[in-house]
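Participant: Have a look at the structure that comes next, please.
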Amino acid sequence: MNRPAVIHKTSPVGSVKPHWDDYEGERSRFSWRKARQALSGMPGGGINMAFEAVDRHLDTPTRDSVALRFVARNQPALDLSYAELARQTNRFANVLEGLGVQKGAHLFVLAGRMPALYIAVLGALKKGVVVTPMFSAFGPEPIATRINLGAGEVLVTTDVLYQRKIKPWRQQMPSLRHVLLVAEEGGLTQEPDTLDLGQLLREASDAFTTVNTSGQDPALLHFTSGTTGTPKGALHVHEAVVTHFQTGRYALDLHEEDRFWCTADPGWVTGTSYGIMAPLLQGVTSLIDREEFDAERWYHLLAEERISVWYTAPTALRMLMKAGKALAQQHRFPALRFVASVGEPLNPEAVWWGQEVLGLPIHDNWWQTETGGIMIANTPAFDIKPGSMGRPLPGIDAFIVEHLEFEGEPPRVRVLETPDVEGELALRANWPSMFRGYLNNETRYAKCFAGDLYLTGDLARRDAEGYFWFVGRADDVIKSAGHLIGPFEVESVLMEHAAVAEAGVIGKPDPVVGEVVKAFVSLKDGCTANEMLRMDILAHARKRLGPAVAPKEIAFLPVLPRTRSGKIMRRLLKARELGLPEGDTSTLEAGA
Ligand code: AMP
């Protein structure tokens, strides 16, 4: 494999001219105020995400283009045009209206990648209702935690998921007033205290006047995991749509004629910002595959669906690499012209692999739930340095900072101007999709800022040419297959097992998924560590947390290392697991 340290910006592939090719010039000309003008705004003067994504196209020829194309094994593809999506989302907004759901109420969606999910998200936004799409592979515990934290009033889910993950715990979610069920397959399995969404939609009018939301009205609530405590609900407002629109151009180079595939699930922020919003805003056709990863299937879809822009994740790319070049070489991808990836460090190897196997390099980019949209990216406008996350997009100022006092509140930092120095990645907080708070957690929110700098919690360095290189997380949060997992959430569930006295959870490096969740547990007196008990604890965690969050490995320890103040030292568990130096252990409790 040819492994150049720089992959030069290439001339456009095919007839499509990239949106930009002058990095410095575009940055100096850019302003968020001008960017807002590219969108139409509401007739009443506000801005509404769903109106911009769907209804704005109704007076243009895009109205008849396919907005969303759903594919699944053993089922014919289902295409929804922009006009049809507008009608369906209007119906959904009317359903909410009929139920008396008010602007500002919170709606959760728990469903696979099916039309109802997209219709519910966009329809709720039209009604001014705040939406949280949840990952359908979550177990009952993370689901109930999030619905309760967000005081969810409406839940849209499938009959199958309801029976498995909601019904037995429904009493523990007192805020839920309405549960709207969609049939997973065939006819709906009716359940008491639920409503049949299909029937409600059929009976609803397809005319609805989108609520004139202001840019600052809450629109999306995305949960993200921290090191301690419950997940944090990052609140995003309607004007975030300006970032979705602009970054869809700069970082994904979306053009109206594109056939786009974002492989992220809408249960995670990428799947909402770039699986729903950004492509619709550009009027492109999005492919939505309802199946799980399968290398052969993915190559087939890329080729047969004539995907031109593809946004995926490092874990998926590594799984494709593992499946071998021969499989890829059975396909041709003449339509493909731009590939990007996000969510975890992208090995340089994967960038070169893209060049060799797909004929295109992979453009890594960086952002997080809190930023709501892509901040730093490799783009068509400049050369790629494989292994780097790229450069800040127009409208984004990024810095490397060091903390002046570690436990200080509010944090105080110093910007490190010298290139190639490691520090925390910080961004000047002035872009529209910046989160506006952690729900009911002002204190935690305040800790994210040093003056006007938002502290990302990631460690990075910037080179002399302004490229940013990811170094690691500043905290103990785990990234597994691109999903952020809070160790505390996992530890809490492990502790509920009758035999477990204490639990500490770490991310153990893994060549394919980045990190796997590994738990260390000590047992209560009288319990014996053996294989049967290990399997029992694993099964308990899987049942409660779901396969995406539960530990893959459990090790027994007589006692876990704790600080003198009683905190489990996950860092030490990790260092010991990896055979690394233990670092500063001065706060370690004696005997641990
Ligand atoms: P989430 O909020 O779940 O989207 O996760 C955001 C976190 O994922 C970031 O804070 C980083 O730790 C990590 N991340 C996202 N993109 C990249 C990237 N391109 N390279 C390395 N880490 C990344």
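Each chain in the structure tokens gets a letter, A, B, ..., in the order shown, and its residues are numbered from 1; ligands are numbered from 1 in order too.
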Could you list, with a cut-off of 9 Å and counting only C-alpha atoms and all ligand atoms, the residues of chain A near ligand 1, each shown with its nearest atom pair and the distance in Å rounded to one decimal, rows sorted by chain and ascending number, as CSV?

Facilitator:
```
residue,atom,partner,partner_atom_place_in_ligand_line,distance
A:His222,CA,ligand 1,2 (O),8.9
A:Phe223,CA,ligand 1,2 (O),8.5
A:Thr224,CA,ligand 1,2 (O),5.9
A:Ser225,CA,ligand 1,3 (O),7.7
A:Trp268,CA,ligand 1,3 (O),6.8
A:Val269,CA,ligand 1,4 (O),6.1
A:Thr270,CA,ligand 1,4 (O),6.8
A:Ala313,CA,ligand 1,19 (N),8.8
A:Pro314,CA,ligand 1,19 (N),8.5
A:Ser341,CA,ligand 1,19 (N),7.0
A:Val342,CA,ligand 1,19 (N),4.7
A:Gly343,CA,ligand 1,16 (N),3.5
A:Glu344,CA,ligand 1,22 (N),3.7
A:Pro345,CA,ligand 1,21 (C),3.5
A:Leu346,CA,ligand 1,20 (N),6.0
A:Asp364,CA,ligand 1,19 (N),5.4
A:Asn365,CA,ligand 1,19 (N),4.5
A:Trp366,CA,ligand 1,16 (N),3.8
A:Trp367,CA,ligand 1,15 (C),5.2
A:Gln368,CA,ligand 1,2 (O),3.7
A:Thr369,CA,ligand 1,2 (O),3.6
A:Glu370,CA,ligand 1,2 (O),6.4
A:Thr371,CA,ligand 1,2 (O),8.2
A:Gly372,CA,ligand 1,4 (O),8.6
A:Ile374,CA,ligand 1,16 (N),8.8
A:Ile376,CA,ligand 1,19 (N),8.2
A:Ala377,CA,ligand 1,19 (N),7.9
A:Gly387,CA,ligand 1,20 (N),8.7
A:Ser388,CA,ligand 1,20 (N),8.0
A:Met389,CA,ligand 1,19 (N),5.2
A:Gly390,CA,ligand 1,19 (N),8.6
A:Thr456,CA,ligand 1,10 (O),6.3
A:Gly457,CA,ligand 1,10 (O),6.4
A:Asp458,CA,ligand 1,12 (O),5.5
A:Leu459,CA,ligand 1,12 (O),8.3
A:Trp469,CA,ligand 1,20 (N),7.9
A:Phe470,CA,ligand 1,21 (C),5.3
A:Val471,CA,ligand 1,21 (C),7.8
A:Gly472,CA,ligand 1,12 (O),6.7
A:Arg473,CA,ligand 1,12 (O),5.4
A:Ala474,CA,ligand 1,12 (O),8.6
A:Val477,CA,ligand 1,12 (O),8.4
A:Ile478,CA,ligand 1,12 (O),8.7
A:Lys479,CA,ligand 1,8 (O),6.9
A:Gly482,CA,ligand 1,3 (O),7.0
A:His483,CA,ligand 1,3 (O),5.6
A:Leu484,CA,ligand 1,3 (O),4.6
A:Ile485,CA,ligand 1,3 (O),8.1
```

Participant: At a cut-off of 6 Å, using only C-alpha atoms, what residues contact segment 547-558 of chain A? Leave out same-chain residues fewer than 3 positions from it and give the result as a PyMOL selection string.

Facilitator: chain A and resi 517-522+541-542

Participant: Once you count only C-alpha atoms, what closest atom pair and distance in Å to one decimal does each residue of segment 278-386 of chain A within 8 Å of segment 72-83 of chain A have, with rows by chain and rising residue number, as JSON lines?

Facilitator:
```
{"residue": "A:Asp289", "atom": "CA", "partner": "A:Ala72", "partner_atom": "CA", "distance": 6.1}
{"residue": "A:Arg290", "atom": "CA", "partner": "A:Ala72", "partner_atom": "CA", "distance": 5.2}
{"residue": "A:Glu291", "atom": "CA", "partner": "A:Ala72", "partner_atom": "CA", "distance": 6.0}
```

Participant: I need the chosen residues saved as a CSV table (one decimal), in the first residue's frame, with N, CA, C and O atoms.

Facilitator:
```csv
chain,number,residue,atom,x,y,z
A,289,ASP,N,-30.3,2.3,5.5
A,289,ASP,CA,-30.3,0.9,5.5
A,289,ASP,C,-30.8,0.4,6.8
A,289,ASP,O,-30.2,0.8,7.9
A,290,ARG,N,-31.8,-0.4,6.8
A,290,ARG,CA,-32.4,-0.8,8.1
A,290,ARG,C,-31.7,-2.0,8.7
A,290,ARG,O,-32.0,-2.4,9.8
A,291,GLU,N,-30.7,-2.5,8.0
A,291,GLU,CA,-30.0,-3.7,8.5
A,291,GLU,C,-28.8,-3.3,9.3
A,291,GLU,O,-28.3,-2.2,9.2
```

Participant: Which residue gives the smallest distance to Pro18 of chain A among A:Thr379, A:Asn90, A:Asn347, A:Thr158, with only C-alpha atoms counted?

Facilitator: A:Thr379

Participant: Have a look at atom CA of Ile362 of chain A and atom CA of Ala340 of chain A and let me know their distance in Å, one decimal.

Facilitator: 5.3 Å

Participant: Check which residues of segment 15-50 of chain A sit at most 12 Å from segment 430-441 of chain A using only C-alpha atoms, and return one row each with the closest pair of atoms and their distance in Å to one decimal, ordered by chain and rising number, as a Markdown table.

Facilitator:
```
| residue | atom | partner | partner_atom | distance |
| --- | --- | --- | --- | --- |
| A:Phe30 | CA | A:Trp431 | CA | 11.9 |
| A:Ser31 | CA | A:Trp431 | CA | 9.8 |
| A:Trp32 | CA | A:Trp431 | CA | 7.2 |
| A:Arg33 | CA | A:Pro432 | CA | 9.9 |
| A:Ala35 | CA | A:Pro432 | CA | 10.1 |
| A:Arg36 | CA | A:Pro432 | CA | 9.3 |
| A:Ile47 | CA | A:Pro432 | CA | 11.9 |
| A:Met49 | CA | A:Ser433 | CA | 11.4 |
```

Participant: Pick out the residues sitting within 7 Å of segment 200-208 of chain A, and hand them over as a list in words; count only C-alpha atoms, and ignore anything fewer than 5 positions along from it in its own chain.

Facilitator: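 Contacts, with the query itself left out: Arg87, Gln88, Asn90, Arg91, Phe92, Asn94 and Val95 of chain A.
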
Participant: Write the selection just made, keeping N, CA and C atoms, as a PDB file, in the first residue's frame?

Facilitator:
```pdb
ATOM      1  N   ARG A  87     -46.009  15.957   3.796  1.00  0.00           N
ATOM      2  CA  ARG A  87     -47.378  15.558   4.189  1.00  0.00           C
ATOM      3  C   ARG A  87     -47.362  14.695   5.454  1.00  0.00           C
ATOM      4  N   GLN A  88     -46.456  13.720   5.464  1.00  0.00           N
ATOM      5  CA  GLN A  88     -46.428  12.790   6.616  1.00  0.00           C
ATOM      6  C   GLN A  88     -46.035  13.511   7.903  1.00  0.00           C
ATOM      7  N   ASN A  90     -46.503  16.641   8.522  1.00  0.00           N
ATOM      8  CA  ASN A  90     -47.661  17.463   8.909  1.00  0.00           C
ATOM      9  C   ASN A  90     -48.674  16.615   9.673  1.00  0.00           C
ATOM     10  N   ARG A  91     -48.900  15.417   9.166  1.00  0.00           N
ATOM     11  CA  ARG A  91     -49.846  14.528   9.846  1.00  0.00           C
ATOM     12  C   ARG A  91     -49.390  14.262  11.277  1.00  0.00           C
ATOM     13  N   PHE A  92     -48.080  14.012  11.419  1.00  0.00           N
ATOM     14  CA  PHE A  92     -47.575  13.705  12.756  1.00  0.00           C
ATOM     15  C   PHE A  92     -47.747  14.913  13.682  1.00  0.00           C
ATOM     16  N   ASN A  94     -49.999  17.100  13.472  1.00  0.00           N
ATOM     17  CA  ASN A  94     -51.428  17.172  13.814  1.00  0.00           C
ATOM     18  C   ASN A  94     -51.809  16.127  14.860  1.00  0.00           C
ATOM     19  N   VAL A  95     -51.155  14.966  14.804  1.00  0.00           N
ATOM     20  CA  VAL A  95     -51.423  13.945  15.829  1.00  0.00           C
ATOM     21  C   VAL A  95     -51.066  14.518  17.204  1.00  0.00           C
TER      22      VAL A  95
END
```

Participant: My list of candidates is A:Gly215, A:Pro348, A:Gly104, A:Pro140. Which is closest to His540 of chain A when distances are computed with only C-alpha atoms?

Facilitator: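 Smallest separation from His540 of chain A among the options: A:Pro140.
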
Participant: Pick from A:Met42, A:Ile537, A:Ile568, A:Ala5: nearest to Met495 of chain A, with only C-alpha atoms counted?

Facilitator: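 So, comparing all the options, the nearest one is A:Ile537.
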
Participant: Check the DSSP output for the backbone and give back, as an MDAnalysis selection string, the residues of segment 351-524 of chain A in strand (DSSP E or B).

Facilitator: chainID A and resid 362:366 376:377 384 390:392 398:403 413:415 423:428 438 449:450 453:462 468:473 478:480 483:485 500:510 514:523
